[in-house]
Amino acid sequence: MRKKILTFLFLMAALVPVVSQVPADVYRKPLKEVIPDIEKRHGIKITYSESLVKGVDVLYPTWRYRIDTEETLANIFLPLDLTFEKTAENSYQISKYNYYIRPVEEGRKHLDQLLGSCRTLNDWEARKKELRSCILESLGLSPFPKANPLNPVYTPVRKMTGYTVQNVAIETVPGVYLCGSLYRPARGKGPFPAVLCTHGHASSDDMNQYGRYRPDHQYRCAMLARMGAVVFSYEMFAWGESRLQVDPEVHRTGLAATMQTINSVRVVDFLTSLPYVDSSRIGITGESGGGTQTFLLSAIDDRITVSAPVVMVSSYFYGGCPCESGMPIHSCTDKGTNNAEIAAMFSPKPLLIVSDGNDWTQHVPEIEYPYLQKIYELYGKKENVENVHFADEGHDYGISKRMAMYGFMARHLGLNLDAVRDKSGKIDESPVTIEDYRSLLVFGIEGKLPANAVKGEDAVRDVLRSLH
């Protein structure tokens, strides 16, 4: 009897793994094994980084397969927070899901959809009004905060070849200071046109290669001043001297998107308050994250008359920093929006889109630029939007891109391009003095702030709340 019981127990123990096994166990497979199976079934090639698939399992993979290739890919990869993009015939690239970037084709289709709903000028004007209202509301700027005195803090003027430089801080909201440098023509009393110069996220352990201190940034500011413009170079929120008031991490929050927009509007307030500035001629230009600030300010502030966003206007890339895409401006209206449409809100005023072949602006000549031209055609002003594309260049504000901007700003702001040509007639940046970053600081290496300066993210948010 005892022998029979032991035999029965042994048989039951052997059956336990089978009995307890559930479909989730049967159909679970490593993604690394699923991908070759999909390639074989659909006759495609899938490329990916090994780090994306390591240790990742797919539940019920064969049940997710469909006749349509892209339906299969969607069923397998999207639940894993992975995305796919067609790179060639029968070839796909797998990437980690990022909310701020979509497939190129989706950007194209979005623009087509947006164009389809704006067939007349009245349609587009109504769309612009709706978008502007939604963007400001999304940024927490509706109503826009009450303007306080700017209380500018100036450092002594430095004289250069054909221009001067003076560092300035303005109090954009009570207790919050925006630091920058004011470049002015060395000769003449004005009134001069003005240009706002924003910067992107280029950074380095070498502070001379950081933000607005970079040589490429100094070159464009000084050259525009030598051509006859008053230029204000200013920093992103939680960058540069702004970090005397808030931690660097605050830059990667929605607060940065809000504060950078406020700061840009207040820079226009500052420039137009100067007696030697012509308030009817105000331009703006910047690259990358500075390009986002450029087209965003151009869309919401009617005082901007000329705009040149560089390497940033895209229908499918929304900005990798939360300071650009961290507030829901791109979800505005039931159609949504994208950076190309936001740039188009500047129509019909002069707009230069500078693009390159090695980032998310690589398709501008065939996708975003034709869209912009169609919007400008609604006004009969197609000639007011331009695209300069550098197919062999990358994501920067390099010399070729600056040269394109100089000519554009000269034409539309009435600047003197001859003032920066050498004897052979070539535009020459060599007279510009590239300063050490210490020379560009308002509050010095010690970082001595005004007594009323607030500190910390919460303090800045409290200030903003008090202004509504």
# chains A, B, ... in the order shown; residues from 1 in each chain; ligands from 1
>>> select_by_dssp(residues="range 188-402 of chain A", states="alpha helix (DSSP H)", output="ChimeraX atom specification")
/A:215-226,254-273,289-300,322-325,339-344,368-377,399-402
>>> select_by_dssp(residues="range 26-61 of chain A", states="strand (DSSP E or B)", output="PyMOL selection string")
chain A and resi 29-30+45-47+57-58
>>> residues_around(residues="Tyr154 in chain A", least_positions_apart="4", cutoff="8 Å", atoms="only C-alpha atoms", output="list in words")
Gln166, Asn167, Val168, Ala169 and Val442 of chain A
>>> closest_residue(among="A:Leu139, A:Ala340, A:Ser49, A:Phe408", to="Lys96 in chain A", atoms="only C-alpha atoms")
A:Ser49
>>> residues_around(residues="Ala459 in chain A", least_positions_apart="5", cutoff="10 Å", atoms="only C-alpha atoms", output="PyMOL selection string")
chain A and resi 175-176+245-246+453-454+464-465
>>> atom_distance(atom1="CA of Val26 in chain A", atom2="CA of Pro61 in chain A")
10.6 Å
>>> residues_around(residues="Glu429 in chain A", least_positions_apart="5", cutoff="8 Å", atoms="only C-alpha atoms", output="count of residues only")
3
>>> residues_around(residues="Val34 in chain A", least_positions_apart="4", cutoff="9 Å", atoms="only C-alpha atoms", output="ChimeraX atom specification")
/A:29-30,38-39,57-58,61-62,76
